[in-house]
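J.: Quick one: the structure is below, questions incoming.
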Amino acid sequence: MPWRLLKIGLRGAHKEPRFFPEPADLRDSYDVVIIGGGGHGLACAYYLATRHGIRNVAVLEQGYIGGGNTGRNTTIVRSNYLTPDGVRFYDASVRMFQRLSQELDINLFYSTRGHYTLAHSDEAMRTMRWRAEVNRHLDVDSQVVDRDAVGRGIPGLDLDCGGSQPVMGALYHAPGAVVRHDAVAWGYARAATNNGVEVHQKTRVTGMQVENGRVCGVATDRGNIRCGAVVSMVAGSTPRITEMAGLSTPIEIFPLQACVTEPVKPFLDTIVVSGSLHVYVSQSSRGELVMGASVDPAVLHSTRSSFEFVEGLADRIVDLFPFTARLRINRQWAGMSDMTPDFAPIMGTTPVSGFYLDAGWGTWGFKATPISGSTMADTVANNRNHELIEPFRFDRFADFQLVGEKGAASVGH
Ligand code: PYC
């Protein structure tokens, strides 16, 4: 049980302090400036302070914390990836997530549900078998299950999908989970500020100072800051920031949309993904169906959500769960996904000394929050890539060392 909750319960007085203090002014200099107050940036700040004793850190967020992709995803956590590099990395993340409520002393409502990736063709079954082999080799609990087992595991699912794409089987990943995404950002923000980090919201980075190949400061809309290191941990703004450092990456930005229905009685206690139908769905603790699709078809820097998205998604969700035809959609939104050519992130040191990059998360950045924060903090503290992120290094495209995770995407792109 989180200690703070216990203390408040026993005290009887329920006045709560501000969740975390907001510093008034920017200082002239910091050891490390982190651009982006989403889960990754806040986690990195927290681990810099707690594991490496680097506390003179500012997190600069142009909006409000968790207002970007951290609060715009469908909260899924899993490690059933395709490449050994991806599986090792996300397995470490799942393990950190499982302990995170205790560590941050906040109830993140982490809920292990099990995760089905449905296969509707022989080719998809082959990919599921491949993923299961790689996962099990690395001690990650994934197995291929047949059509009957899918039917038993997901009551209410039409195994024939309205006759369009009958289910043949699935990859079942028992550790698959959901977790309250905004609380992850708040938890890291509070824990980081308790350890001396400053989190500055509504502070936009407008420029970067690089001298003799080394970063030495950033300009913001609230003034200039000198610093020893800059870590870019943004989504949707990566090209804008890398350009300031004089770098370019193969990242392109595509919107990824999602929505929730009105609440209904609990019927779905697992996470269901269909790559062929381009949908994923889980039921929140409030009873809403949380659903999403693949990225939008064209490059766009926007968080607008569209009628076309809901129309297309609803059509396919009804094939899976016919009773949902009667449900209303309560909310819809979009995030901006940094897509790389090999569907793997770009992490670590860069050709500009003191400038570190955490980007290219595509459609799966949220689930990497703890491991990305901790490995990036280690990388910054030691100025060399942590071994778990070395496969995702900045120059892998120039070296033709791609990671090739497309087969593990929840939905086709
Ligand atoms: O990778 O699990 C995933 C995911 C779900 C929604 C988008 N990506």
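Convention: chains lettered A, B, ... in structure tokens order; per-chain residue numbering from 1; ligands numbered from 1 as shown.
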At a cut-off of 7 Å, can you tabulate as CSV every residue of chain A near ligand 1 together with its closest atom pair and the distance in Å to one decimal, using only C-alpha atoms and all ligand atoms and ordering rows by chain then number?
T.:
```
residue,atom,partner,partner_atom_place_in_ligand_line,distance
A:Asn73,CA,ligand 1,6 (C),6.7
A:Thr74,CA,ligand 1,6 (C),5.7
A:Ile76,CA,ligand 1,2 (O),5.2
A:Val77,CA,ligand 1,2 (O),6.5
A:Arg78,CA,ligand 1,2 (O),6.5
A:Tyr280,CA,ligand 1,6 (C),6.4
A:Gly292,CA,ligand 1,6 (C),6.3
A:Thr363,CA,ligand 1,8 (N),4.5
A:Trp364,CA,ligand 1,1 (O),4.5
A:Ala409,CA,ligand 1,1 (O),5.6
A:Ser410,CA,ligand 1,3 (C),4.9
```
J.: Restricting the output to C-alpha atoms, write the selected residues as a PDB file, in the first residue's frame.
T.:
```
ATOM      1  CA  ASN A  73      -2.238   6.642 -25.925  1.00  0.00           C
ATOM      2  CA  THR A  74      -4.371   3.599 -25.104  1.00  0.00           C
ATOM      3  CA  ILE A  76      -1.088  -0.672 -23.139  1.00  0.00           C
ATOM      4  CA  VAL A  77       2.069  -2.214 -21.655  1.00  0.00           C
ATOM      5  CA  ARG A  78       3.564  -5.368 -23.215  1.00  0.00           C
ATOM      6  CA  TYR A 280      -7.005  -2.680 -30.484  1.00  0.00           C
ATOM      7  CA  GLY A 292      -7.545   2.768 -31.429  1.00  0.00           C
ATOM      8  CA  THR A 363       3.041   3.836 -31.805  1.00  0.00           C
ATOM      9  CA  TRP A 364       4.644   2.376 -28.699  1.00  0.00           C
ATOM     10  CA  ALA A 409       3.154  -3.389 -34.346  1.00  0.00           C
ATOM     11  CA  SER A 410      -0.304  -3.732 -32.868  1.00  0.00           C
TER      12      SER A 410
END
```
J.: Report as a Markdown table: every residue of stretch 18-124 of chain A with an atom at most 9 Å from stretch 181-189 of chain A, its closest pair of atoms, and their distance in Å to one decimal, counting only C-alpha atoms, with rows sorted by chain and ascending residue number.
T.:
```
| residue | atom | partner | partner_atom | distance |
| --- | --- | --- | --- | --- |
| A:Phe19 | CA | A:Trp186 | CA | 7.9 |
| A:Phe20 | CA | A:Ala189 | CA | 7.1 |
| A:Gly37 | CA | A:Ala185 | CA | 8.1 |
| A:Gly38 | CA | A:Ala185 | CA | 6.3 |
| A:Gly39 | CA | A:Ala185 | CA | 4.8 |
| A:His40 | CA | A:Ala185 | CA | 8.5 |
| A:Leu42 | CA | A:Tyr188 | CA | 5.6 |
| A:Ala43 | CA | A:Tyr188 | CA | 5.6 |
| A:Cys44 | CA | A:Tyr188 | CA | 8.9 |
| A:Ala45 | CA | A:Tyr188 | CA | 8.4 |
| A:Tyr46 | CA | A:Tyr188 | CA | 6.4 |
| A:Ile65 | CA | A:Ala185 | CA | 6.8 |
| A:Gly66 | CA | A:Ala185 | CA | 5.5 |
| A:Gly67 | CA | A:Asp182 | CA | 8.3 |
| A:Thr70 | CA | A:His181 | CA | 6.2 |
| A:Gly71 | CA | A:Asp182 | CA | 5.4 |
| A:Arg72 | CA | A:His181 | CA | 8.4 |
| A:Asn73 | CA | A:His181 | CA | 7.8 |
| A:Thr74 | CA | A:His181 | CA | 8.4 |
| A:Thr75 | CA | A:His181 | CA | 5.8 |
| A:Leu100 | CA | A:Val184 | CA | 8.6 |
| A:Ser101 | CA | A:Gly187 | CA | 8.3 |
| A:Leu104 | CA | A:Gly187 | CA | 5.7 |
| A:Asp105 | CA | A:Gly187 | CA | 7.6 |
| A:Ile106 | CA | A:Gly187 | CA | 6.2 |
| A:Asn107 | CA | A:Ala183 | CA | 7.8 |
| A:Leu108 | CA | A:Ala183 | CA | 5.8 |
| A:Phe109 | CA | A:Ala183 | CA | 8.7 |
```
J.: Among the residues of stretch 138-216 of chain A, find those DSSP assigns to helix (DSSP H, G or I) from the backbone and print them as a count of residues only.
T.: 24
J.: Compare A:Gly207, A:Pro155, A:Pro255, A:Pro345 by their minimum atom-to-atom distance to A:Phe309, counting only C-alpha atoms, and give me the closest one.
T.: A:Pro255
J.: Measuring between only C-alpha atoms, which one of A:Asp378, A:Glu243, A:Asp342, A:Glu103 shows the shortest distance to A:Phe392?
T.: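 Checking each of A:Asp378, A:Glu243, A:Asp342, A:Glu103 against A:Phe392, counting only C-alpha atoms, the winner is A:Asp342.
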J.: With only C-alpha atoms as the counted atoms, please give the residues lying no more than 6 Å from A:Tyr172, apart from itself and same-chain residues fewer than 5 positions off, as an MDAnalysis selection string.
T.: chainID A and resid 115:116 142:143
J.: Using only C-alpha atoms, which protein or nucleic acid residues come within 10 Å of A:Thr242? Drop anything in the same chain fewer than 2 positions from it, and give the result as JSON, numbers by chain.
T.: {"A": [208, 232, 237, 238, 239, 240, 244, 245, 246, 247, 248, 249, 355, 356, 357]}
J.: Quick one: everything within 9 Å of A:Val380, counting only C-alpha atoms, minus sequence neighbours fewer than 2 positions away in the same chain. Send it as a ChimeraX atom specification.
T.: /A:32,48,229,231,348-349,354-356,375-378,382-385
J.: For the residues in the current selection, export all heavy atoms as a CSV table (one decimal), in the first residue's frame.
T.:
```csv
chain,number,residue,atom,x,y,z
A,32,VAL,N,21.7,19.7,-16.6
A,32,VAL,CA,21.0,19.0,-17.7
A,32,VAL,C,19.7,19.7,-17.9
A,32,VAL,O,19.0,20.0,-17.0
A,32,VAL,CB,20.8,17.5,-17.3
A,32,VAL,CG1,20.1,16.8,-18.4
A,32,VAL,CG2,22.1,16.8,-17.0
A,48,LEU,N,17.9,10.5,-13.2
A,48,LEU,CA,19.2,11.2,-13.0
A,48,LEU,C,19.4,11.6,-11.6
A,48,LEU,O,20.5,11.5,-11.0
A,48,LEU,CB,19.1,12.5,-13.9
A,48,LEU,CG,19.5,12.4,-15.4
A,48,LEU,CD1,19.2,13.7,-16.1
A,48,LEU,CD2,20.9,12.0,-15.6
A,229,ALA,N,24.3,19.6,-20.7
A,229,ALA,CA,23.8,18.6,-21.6
A,229,ALA,C,22.3,18.9,-21.9
A,229,ALA,O,21.6,19.5,-21.0
A,229,ALA,CB,23.8,17.2,-20.9
A,231,VAL,N,18.8,16.9,-23.4
A,231,VAL,CA,18.2,15.6,-23.8
A,231,VAL,C,16.8,16.0,-24.4
A,231,VAL,O,16.0,16.5,-23.8
A,231,VAL,CB,18.0,14.7,-22.5
A,231,VAL,CG1,17.7,13.3,-23.0
A,231,VAL,CG2,19.1,14.8,-21.6
A,348,GLY,N,19.9,7.8,-27.4
A,348,GLY,CA,21.3,7.8,-26.9
A,348,GLY,C,22.1,9.0,-27.4
A,348,GLY,O,21.5,10.1,-27.7
A,349,THR,N,23.4,8.8,-27.5
A,349,THR,CA,24.3,9.9,-27.8
A,349,THR,C,24.1,10.3,-29.3
A,349,THR,O,23.5,9.5,-30.1
A,349,THR,CB,25.8,9.5,-27.7
A,349,THR,OG1,26.0,8.3,-28.4
A,349,THR,CG2,26.1,9.2,-26.2
A,354,GLY,N,27.1,16.2,-26.0
A,354,GLY,CA,26.2,16.7,-24.9
A,354,GLY,C,24.8,16.8,-25.3
A,354,GLY,O,23.9,17.2,-24.5
A,355,PHE,N,24.5,16.4,-26.6
A,355,PHE,CA,23.1,16.4,-27.0
A,355,PHE,C,22.6,14.9,-27.2
A,355,PHE,O,23.2,14.2,-27.9
A,355,PHE,CB,22.9,17.1,-28.3
A,355,PHE,CG,21.5,17.1,-28.9
A,355,PHE,CD1,20.4,17.8,-28.2
A,355,PHE,CD2,21.1,16.4,-30.0
A,355,PHE,CE1,19.1,17.8,-28.6
A,355,PHE,CE2,19.8,16.4,-30.5
A,355,PHE,CZ,18.8,17.1,-29.8
A,356,TYR,N,21.6,14.6,-26.4
A,356,TYR,CA,21.1,13.2,-26.4
A,356,TYR,C,19.7,13.2,-26.9
A,356,TYR,O,18.9,14.1,-26.7
A,356,TYR,CB,21.1,12.6,-25.0
A,356,TYR,CG,22.5,12.7,-24.3
A,356,TYR,CD1,22.9,13.9,-23.7
A,356,TYR,CD2,23.4,11.6,-24.4
A,356,TYR,CE1,24.2,13.9,-23.1
A,356,TYR,CE2,24.7,11.7,-23.9
A,356,TYR,CZ,25.0,12.9,-23.2
A,356,TYR,OH,26.3,13.0,-22.7
A,375,THR,N,17.4,4.2,-18.8
A,375,THR,CA,18.5,4.0,-19.7
A,375,THR,C,19.1,5.3,-20.2
A,375,THR,O,20.3,5.4,-20.4
A,375,THR,CB,18.2,3.0,-20.8
A,375,THR,OG1,17.1,3.5,-21.5
A,375,THR,CG2,18.0,1.6,-20.4
A,376,MET,N,18.2,6.2,-20.5
A,376,MET,CA,18.7,7.6,-21.0
A,376,MET,C,19.4,8.3,-19.8
A,376,MET,O,20.4,8.9,-20.1
A,376,MET,CB,17.5,8.4,-21.5
A,376,MET,CG,17.0,8.0,-22.9
A,376,MET,SD,18.2,8.1,-24.2
A,376,MET,CE,18.5,9.8,-24.4
A,377,ALA,N,18.9,8.2,-18.6
A,377,ALA,CA,19.6,8.8,-17.5
A,377,ALA,C,21.0,8.2,-17.3
A,377,ALA,O,22.0,8.9,-17.2
A,377,ALA,CB,18.8,8.6,-16.2
A,378,ASP,N,21.1,6.9,-17.5
A,378,ASP,CA,22.4,6.2,-17.4
A,378,ASP,C,23.3,6.7,-18.5
A,378,ASP,O,24.5,6.9,-18.3
A,378,ASP,CB,22.2,4.7,-17.5
A,378,ASP,CG,23.4,3.9,-17.3
A,378,ASP,OD1,24.1,3.7,-18.3
A,378,ASP,OD2,23.8,3.6,-16.1
A,382,ASN,N,26.8,8.8,-17.9
A,382,ASN,CA,28.1,8.2,-18.3
A,382,ASN,C,28.6,8.6,-19.7
A,382,ASN,O,29.7,8.1,-20.1
A,382,ASN,CB,28.0,6.7,-18.2
A,382,ASN,CG,27.7,6.3,-16.7
A,382,ASN,OD1,28.5,6.5,-15.8
A,382,ASN,ND2,26.5,5.7,-16.5
A,383,ASN,N,27.8,9.4,-20.4
A,383,ASN,CA,28.1,9.8,-21.7
A,383,ASN,C,28.5,8.6,-22.6
A,383,ASN,O,29.5,8.7,-23.4
A,383,ASN,CB,29.3,10.9,-21.7
A,383,ASN,CG,29.4,11.5,-23.1
A,383,ASN,OD1,28.4,11.6,-23.8
A,383,ASN,ND2,30.6,11.9,-23.5
A,384,ARG,N,27.8,7.5,-22.5
A,384,ARG,CA,27.9,6.4,-23.5
A,384,ARG,C,26.6,5.7,-23.4
A,384,ARG,O,25.9,5.6,-22.4
A,384,ARG,CB,29.1,5.5,-23.2
A,384,ARG,CG,29.2,5.0,-21.8
A,384,ARG,CD,28.9,3.5,-21.7
A,384,ARG,NE,28.7,3.1,-20.3
A,384,ARG,CZ,27.6,3.2,-19.6
A,384,ARG,NH1,26.5,3.7,-20.2
A,384,ARG,NH2,27.5,2.8,-18.4
A,385,ASN,N,26.2,5.1,-24.6
A,385,ASN,CA,24.9,4.4,-24.6
A,385,ASN,C,24.8,3.2,-23.6
A,385,ASN,O,25.7,2.4,-23.6
A,385,ASN,CB,24.6,3.9,-26.0
A,385,ASN,CG,24.3,5.0,-27.0
A,385,ASN,OD1,24.0,6.2,-26.5
A,385,ASN,ND2,24.4,4.8,-28.3
```
J.: Taking the chain letters and numbering used in this document, name the residues of stretch 158-206 of chain A that DSSP puts in strand (DSSP E or B), as a VMD selection string.
T.: chain A and resid 169 to 173 177 to 178 198 to 200 205 to 206
J.: Rounded to one decimal place, report the atom CA of A:Met233-atom CA of A:Ile271 distance in Å.
T.: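 Taking atom CA of A:Met233 as the start and atom CA of A:Ile271 as the end point, the length is 27.8 Å.
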J.: Which value, in Å to one decimal, gives the distance between atom CA of A:Ala368 and atom CA of A:Thr193?
T.: 21.3 Å
J.: For A:Gly275, work out the shell of residues within 9 Å, counting only C-alpha atoms and skipping chain neighbours fewer than 4 positions away, then give it as an NGL selection string.
T.: :A and (117-120 or 124 or 279-280 or 294 or 409-412)
J.: Excluding stretch 125-135 of chain A and any residue of its chain fewer than 5 positions from it, enumerate the residues within 7 Å of it, using only C-alpha atoms, and give them as a PyMOL selection string.
T.: chain A and resi 80-82+84+87+119+140-144+169-171
J.: Atom CA of A:Gly407 and atom CA of A:Ala92 are how many Å apart?
T.: 20.1 Å
